[in-house]
Every structure is written in structure tokens, then in C-alpha cells.
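Notes follow once the structure below has been shown.
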Amino acid sequence: MNPYLAGVLLGLLLLVTIFITGRGLGASGAFRGVVIAAVESAAPEHAQNSLYYKEFAATNPEGPLRNWLVLEVLGVFIGAFFSGVVANRIGLKLEKGPRVTNTIRIIGAGVGGALFGFGSQLGRGCTSGSALSGMAVMSFGGILTMMAIFGAGYALAYFFRKLWLK
Amino acid sequence: MGPLVPFIISDEFNLVIAVLIGIAFGFILEQAGFSSTKKLVGLFYGYDFTVLRVFFTAGVTAMVGVLLLGHYGLLDLSIIYINPTFLRSALVGGAVMGAGFIIGGFCPGTSVCAAAIGKLDAMAFLGGSLIGIIAFTEGYPFLEKFYLADELGQVRMSDQLGITMEAFGFILAFIAVAAFVATWIIENRVNKRPNKMSALQIRRYTVLAVTPFIILTVVTFLPGKEEIILKRIAEAKRQQTCVFKEINADKLATEIVNNYYQMNIIDVRSPEEYEAYHLPMAINIPFDQILDRQWEHIFKQRLRTNVFYADNDTLVKMSCLKAKFIGKSENLILQESPDEFRRMFFELEEPTPDASKHELEVYAFRSQSATGMQNLVHSLKNIGQPVKREVIKIQGGCS
């Protein structure tokens with residue numbers, strides 16, 4: 001799809017979301033919901049005694065999974081799968097730079113995911129919830145986070161070029 | 001009107017909408033090619049700027065749309081969720097995410113898309129991000145101070161720069177267009193392609209680039225909903241075409257006693273004056289709050305007649321006019337002031353022995369109505385109150 005067309009569609013979707021719910025799209029918030037649900041069921045005593053889970057339970061009385069973002073991300077999964085079927089892109093694959101082994105790619109993805117997960121909690125949202133939705137409502141914090149994400153990406157790109165380039 | 005949650009769409013149904021919006025979100029992201037990690041990191045090495053194009057176009061489209069809807073009163077910009085700003089955690093968190101982006105090759109939303117179509121590296125990324133979040137939630141006692149440092153609240157970029165929202169909209173749209181042109185040139189240089197576009201492409205992209213500026217110009221220079229209402233009022237006043245339907249106190253009292261459920265009696269004075277004395281069954285909407293969203297339903301319904309009153313004739317008439325231009329409800333003005341109303345019904349003087357028959361009838365009627373109204377107020381103490389519609393600050397976002 002033409003990227004500008006995709007951008008306009010995504011922007012309109014974001015606008016509809018703000019119009020209906022009063023807030024933007026998100027992704028990492030759903031992951032947090034899953035993590036909290038998992039901790040609460042695996043180690044309920046620990047969850048009752050730890051600060052973060054206690055605060056979360058107090059502000060979300062309906063539980064971590066009965067959450068707008070969790071359901072939205074469930075939808076993302078369905079929608080992306082549907083799109084993959086339409087475009088014939090389904091299949092177990094590993095995409096990586098030309099000079100990298102499969103193991104390194106998997107480790108890199110895991111480490112990157114861990115950093116992103118940690119950063120998204122610290123920065124109160126990821127590229128969707130903080131940067132994109134923040135830009136739509138002109139949030140100062142959202143736009144700062146966006147600049148920090150892409151600034152750090154560019155600053156570090158040189159050091160990790162072997163992961164991606166020839 | 002908007003946001004539709006929670007008054008027009010319930011919180012329950014909102015969860016169904018969440019799934020539908022998510023499906024569209026996932027579909028668009030995948031169609032845009034965001035399930036490919038190479039495409040995503042291409043942004044950082046200059047060979048593929050798709051991410052920047054989609055991302056910036058989406059941001060500007062939504063931002064312009066938000067301004068436009070707000071301008072015409074369709075979306076209440078004062079209550080939508082603005083991601084709060086905590087300087088230190090926003091910057092450091094962003095930097096950590098940037099590192100995760102370049103090492104892992106995804107961001108959370110795109111990793112879900114890629115995992116959905118079977119990318120193994122995306123699944124590893126997803127697993128990693130759950131571990132990263134556990135690290136945060138477990139380490140929260142140590143991080144809390146840093147997490148909550150330098151709070152600025154829900155500030156907009158425009159407030160921070162001291163300019164209007166429209167002006168910042170122009171700046172952002174301009175930056176986006178400039179970035180599109182610059183990255184197109186860079187991408188061509190990296191991939192060794194000539195800087196050429198067909199005439200059709202040039203026309204299309206020009207239209208696309210000009211559209212946000214046209215909408216922003218409309219938002220900046222054409223009058224919005226409130227201005228339109230005020231202008232119509234001024235016009236009506238100038239041409240003296242305002243016709244006010246009036247109601248007198250005796251008639252109103254009869255209506256209250258017999259048909260209270262067909263009336264909204266609206267006190268447009270200040271809350272203090274309302275507290276001191278108000279008509280039976282009256283609600284208080286101070287004059288300067290009439291255009292507020294929480295009262296809109298009163299002026300848009302057509303089942304009850306609105307009766308306005310105040311001490312001051314101009315104030316009542318202005319309120320009635322405003323109400324007229326907000327919705328289509330039937331609006332009446334009480335001829336008497338609240339004080340006069342009180343004296344007429346609740347501070348009645350016994351008629352003298354030589355009073356005329358008419359005076360006696362008036363006395364009988366008014367004292368009966370007063371008792372009737374008092375009984376009504378007493379028995380409807382609870383249900384007579386309007387449903388409290390608090391303006392809710394929307395919580396949430398992706399943190």
C-alpha cells in the first residue's frame with residue numbers, strides 16, 4: 001500500500017478512536033495488562049504486597065484483562081492476520097540482516113523487546129500510545145518521547161549496523 | 001458531542017469497539033508493511049522511509065482532524081486524554097525504547113502484527129517485552145521516584161511553546177511535508193535512484209500536502225461553533241427579530257403543580273443566588289455555563305419546555321437566545337423575578353375583610369399552588385434532581 005495512503009487511513013482511524021473513546025491507540029499498555037494478570041495469578045501474595053500491582057489494582061478495579069487496550073491489541077492480532085492472509089504473507093519466517101545468524105537475530109529481538117518493554121513503562125507508552133497518539137493531541141510528553149525514541153535510534157544505528165546492513 | 005464514551009456509547013460496548021478498532025489498526029499496519037523488520041529499521045539507515053511517511057502522515061491527519069472537530073464543537077478538546085508529561089521518564093524511557101527499536105527491529109504494535117503472520121523474531125520480541133515489563137513492575141519501588149519526577153501535568157506542545165494550537169498545527173504539518181521531501185531525496189541517494197516523479201504523482205502529492213494546510217486555515221480563520229452562536233445572537237439582536245415567549249408566574253405555578261415533568265425550570269443566576277433562593281423544582285445553569293457540554297442535552301431535547309428566569313431581564317433574554325441557537329427545545333421566559341415569585345406565592349398576605357371577590361380568588365389560588373409546590377418539592381426531593389452529568393476527564397493511554 002502507498003505509505004501516504006496508509007498514513008491517512010491510520011490517521012483517520014486514530015481520529016475515530018479519539019472521537020469515540022476520548023483517547024488514542026496503544027499497544028504496550030496491553031502487554032502490561034497481560035504481565036499483571038500473569039503475576040497476579042501465578043504469585044497472588046506477591047502481587048498483593050508489591051507496590052506497582054497494588055496501585056494498578058486500586059485504579060483498575062475490573063482487573064488487568066478487562067481493559068480497552070488488551071481487547072484492542074487482540075483486534076490488532078486478528079486484523080494483521082487477516083491482512084497477511086489477503087496479501088499471502090502468512091508463514092513461519094525469520095527476517096534478519098544478511099550477516100546475522102538465526103540465533104543472534106532471535107537474541108537481538110528478545111533483548112530489544114526487553115528494552116522496549118521496560119522503556120515503554122518508564123515513558124508511559126510506546127510508539128503508538130505515546131508518540132503517535134501524543135502527536136494527535138499535541139501532548140508535550142508524547143512528542144518528547146517520540147523525539148527520544150527516534151533520536152536514540154539514529155544515535156545508536158551506527159553501532160548496530162552489523163545487525164542489519166551488508 | 002464527542003467523545004462518545006461514556007454518555008452516548010456505554011463502557012461495556014466500548015470494549016467491543018476496542019476489538020473492531022484493533023482489527024482495523026492491525027490491518028492497516030500490516031498492509032503498510034510494518035510487519036517487516038527490515039522495513040522498520042530502514043528508517044535508521046536511510047534505505048526505506050516508509051515508517052516515517054506512514055507515522056507522520058497519520059499523526060498530522062489525526063491532529064488536523066482533532067482540531068477541526070474541536071473547532072465545530074463536535075469533540076470536546078478540554079476533556080480528551082492528553083498524555084501527561086514527566087520530563088525525565090519521558091526522555092529516558094524514549095531513549096531506552098530507541099535502543100530497543102534498533103536492536104530488536106520492532107516496536108510493540110508492529111511486533112504483534114508480525115507475530116500474527118508468523119514471524120519468529122517478532123515472537124521473540126514480544127516475549128522479550130513481557131520480560132522487560134516484569135523488570136519494570138518488579139523494580140518499581142526503586143524506580144518510582146524517577147518515574148514520577150518533573151511532572152508537568154497534561155500540557156500540550158502549544159502551551160509549552162506559548163502559541164495557539166492552530167499555530168503548532170501549522171508548524172507540525174510543515175515539518176512533516178519538509179521531512180517527506182528530504183527523506184525522499186535521501187532514500188533516492190542511498191538506493192541510487194534518480195529524483196524523478198511522474199506528473200500524476202506530483203499532482204497527487206501536491207493535493208495531499210496542501211490539504212492539511214487548507215483545513216488548518218479554515219480552523220484558524222473561520223468562526224467556530226461558539227462564535228457562530230454568538231454571531232447569530234448579535235445579528236438577531238441587531239435586527240430585533242428575537243421573539244420571546246413569556247409565561248407569567250401564575251401560569252408557571254399551575255404548570256409546576258400539574259405538569260412539573262414537562263418543564264425544566266432553569267435558574268441562570270449565579271450558584272450563590274440560586275442557593276439563597278430558587279423557584280420550586282428549579283435547576284441552576286449559570287449564564288456563562290450555558291454553552292457547556294454537560295447542559296447540551298437540556299437544550300437539545302424536545303420533550304420538556306425550558307423556562308428561564310433571573311433577576312435581570314437582559315440576562316434571561318440572552319440565556320433564552322443562547323439556548324435557542326444550541327438546540328430546538330421550547331424556551332420560555334418567566335416575566336417575574338424570583339423575588340416577585342416568592343412574594344406572590346410564599347409570602348402571601350391575608351386578604352382584608354373588604355377585599356373584592358377577585359382578590360379572594362387570587363389568594364385562594366396562590367396559597368393552594370404554594371402548598372402544592374411545597375408538597376411536590378418535598379415528595380420529589382430525590383427524583384426531581386437532574387441526573388448529575390459530571391464532565392469526566394478521560395483516563396488511560398498506553399502507559
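By convention here, the chains of the C-alpha cells are called A, B, ... in the order presented, each chain's residues are numbered starting at 1, and ligands are numbered starting at 1 in the order presented.
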Spatial neighbours of Ala148 of chain A, 6 Å, only C-alpha atoms, chain gap at least 4 places, as a CSV table (one decimal) with C-alpha atoms, in the first residue's frame:
chain,number,residue,atom,x,y,z
A,152,ALA,CA,18.2,7.3,20.3
B,91,LEU,CA,13.2,11.3,27.8
B,94,GLY,CA,12.1,7.1,25.0
B,95,ALA,CA,15.9,6.6,24.7
For this session: Extract the full set of alpha helix (DSSP H) residues from segment 42-166 of chain A according to DSSP on the backbone, and format it as number ranges by chain.
Result: A: 42, 44-49, 51-59, 68-86, 102-122, 133-136, 140-157, 161-164
Using only C-alpha atoms, what table do you get, as a Markdown table, when you list each residue of segment 89-186 of chain B with an atom no more than 10 Å from segment 57-77 of chain A, its nearest pair of atoms, and their distance in Å rounded to one decimal, rows by chain then rising number?
| residue | atom | partner | partner_atom | distance |
| --- | --- | --- | --- | --- |
| B:Pro108 | CA | A:Val73 | CA | 9.9 |
| B:Gly109 | CA | A:Val73 | CA | 7.9 |
| B:Thr110 | CA | A:Val76 | CA | 9.3 |
| B:Ser111 | CA | A:Phe77 | CA | 9.7 |
| B:Val112 | CA | A:Phe77 | CA | 6.1 |
| B:Cys113 | CA | A:Phe77 | CA | 5.9 |
| B:Ala114 | CA | A:Phe77 | CA | 8.8 |
| B:Ala115 | CA | A:Phe77 | CA | 8.0 |
| B:Ala116 | CA | A:Phe77 | CA | 5.5 |
| B:Ile117 | CA | A:Phe77 | CA | 8.7 |
Problem set entry | Selection: 10 Å around Leu9 of chain A, only C-alpha atoms, excl. self and same-chain fewer than 6 positions, as a PyMOL selection string | (chain A and resi 3+15) or (chain B and resi 24-25+28-29+54+57-58+61-62)
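In terms of minimum interatomic distance to Met63 of chain B, B:Ile171 ranks closest within B:Ile283, B:Leu143, B:Ile171, B:Val92, counting only C-alpha atoms.
Taking only C-alpha atoms, the non-local environment of Thr217 of chain B within 9 Å (same-chain residues fewer than 4 positions away omitted) comprises Glu166, Phe170, Pro212, Phe213, Phe221 and Leu222 of chain B.
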Problem set entry | Test item: residues at most 12 Å from Asp11 of chain B, only C-alpha atoms, excluding those fewer than 4 positions along its chain, as number ranges by chain | A: 20-21, 62, 66-68; B: 4-7, 15-18
Considering only C-alpha atoms, return as a PDB file with C-alpha atoms, in the first residue's frame whatever protein or nucleic-acid residues lie within 9 Å of Ala179 of chain B, sequence-local ones (same chain, fewer than 4 positions apart) excluded.
ATOM      1  CA  LEU B  52       8.302   7.874   8.782  1.00  0.00           C
ATOM      2  CA  ARG B  53       5.816   8.504   5.976  1.00  0.00           C
ATOM      3  CA  PHE B  56       3.949  11.332  10.248  1.00  0.00           C
ATOM      4  CA  PHE B 174       5.132  21.989   7.660  1.00  0.00           C
ATOM      5  CA  ILE B 175       7.800  19.841   9.363  1.00  0.00           C
ATOM      6  CA  THR B 183      13.672  11.685   3.119  1.00  0.00           C
ATOM      7  CA  TRP B 184      12.577  11.072  -0.465  1.00  0.00           C
TER       8      TRP B 184
END
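Among B:Lys119, B:Lys324, B:Thr137, B:Ser367, the residue with the shortest atom-to-atom distance to Leu230 of chain B, counting only C-alpha atoms, is B:Lys324.
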For this session: Find, counting only C-alpha atoms, the residue in B:Val64, B:Met1, B:Val243, B:Pro286 that gets nearest to Leu14 of chain A.
Result: B:Val64
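Considering only segment 294-324 of chain B, backbone DSSP assigns strand (DSSP E) to Thr305, Asn306, Val307, Phe308 and Tyr309 of chain B.
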Name the residues in contact with segment 256-259 of chain B at a cut-off of 10 Å, using only C-alpha atoms, excluding same-chain residues fewer than 5 positions from it; report them as a tab-separated table (two decimals) with N, CA and C atoms, in the first residue's frame.
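What landed in around-v9.tsv:
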chain	number	residue	atom	x	y	z
B	250	ASP	N	-48.33	33.05	37.64
B	250	ASP	CA	-49.49	32.23	37.98
B	250	ASP	C	-49.58	31.01	37.09
B	251	LYS	N	-49.33	31.26	35.79
B	251	LYS	CA	-49.39	30.15	34.85
B	251	LYS	C	-48.29	29.13	35.18
B	264	ASN	N	-38.46	22.18	32.43
B	264	ASN	CA	-37.18	22.38	33.09
B	264	ASN	C	-37.20	23.83	33.54
B	265	ILE	N	-37.19	24.06	34.82
B	265	ILE	CA	-37.15	25.44	35.28
B	265	ILE	C	-35.69	25.76	35.55
B	279	LEU	N	-36.73	28.98	42.66
B	279	LEU	CA	-38.11	28.53	42.48
B	279	LEU	C	-38.22	27.04	42.78
B	280	PRO	N	-39.39	26.60	43.17
B	280	PRO	CA	-39.55	25.16	43.37
B	280	PRO	C	-39.20	24.40	42.10
B	281	MET	N	-38.49	23.31	42.24
B	281	MET	CA	-38.12	22.41	41.13
B	281	MET	C	-37.09	23.00	40.16
B	282	ALA	N	-36.55	24.18	40.49
B	282	ALA	CA	-35.63	24.80	39.53
B	282	ALA	C	-34.26	24.14	39.59
B	304	ARG	N	-39.47	18.49	27.02
B	304	ARG	CA	-39.79	19.39	28.11
B	304	ARG	C	-39.61	20.83	27.66
B	368	GLN	N	-53.08	27.82	47.47
B	368	GLN	CA	-53.17	26.40	47.09
B	368	GLN	C	-51.96	25.96	46.28
B	369	SER	N	-51.59	26.81	45.31
B	369	SER	CA	-50.44	26.48	44.48
B	369	SER	C	-49.19	26.36	45.33
B	370	ALA	N	-49.02	27.29	46.27
B	370	ALA	CA	-47.83	27.27	47.11
B	370	ALA	C	-47.75	25.96	47.87
B	371	THR	N	-48.87	25.53	48.46
B	371	THR	CA	-48.87	24.25	49.17
B	371	THR	C	-48.54	23.13	48.19
B	372	GLY	N	-49.19	23.21	47.03
B	372	GLY	CA	-48.95	22.18	46.02
B	372	GLY	C	-47.48	22.09	45.66
B	373	MET	N	-46.86	23.25	45.42
B	373	MET	CA	-45.46	23.25	45.02
B	373	MET	C	-44.58	22.73	46.14
B	374	GLN	N	-44.90	23.14	47.38
B	374	GLN	CA	-44.09	22.67	48.51
B	374	GLN	C	-44.18	21.17	48.66
B	375	ASN	N	-45.41	20.64	48.52
B	375	ASN	CA	-45.57	19.19	48.61
B	375	ASN	C	-44.77	18.49	47.54
B	376	LEU	N	-44.81	19.08	46.35
B	376	LEU	CA	-44.12	18.49	45.22
B	376	LEU	C	-42.61	18.45	45.48
B	377	VAL	N	-42.08	19.59	45.93
B	377	VAL	CA	-40.65	19.66	46.20
B	377	VAL	C	-40.29	18.62	47.25
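Closest approach to chain B from the set A:Arg124, A:Arg99, A:His46, A:Lys54 is made by A:Arg124, with distances taken over only C-alpha atoms.
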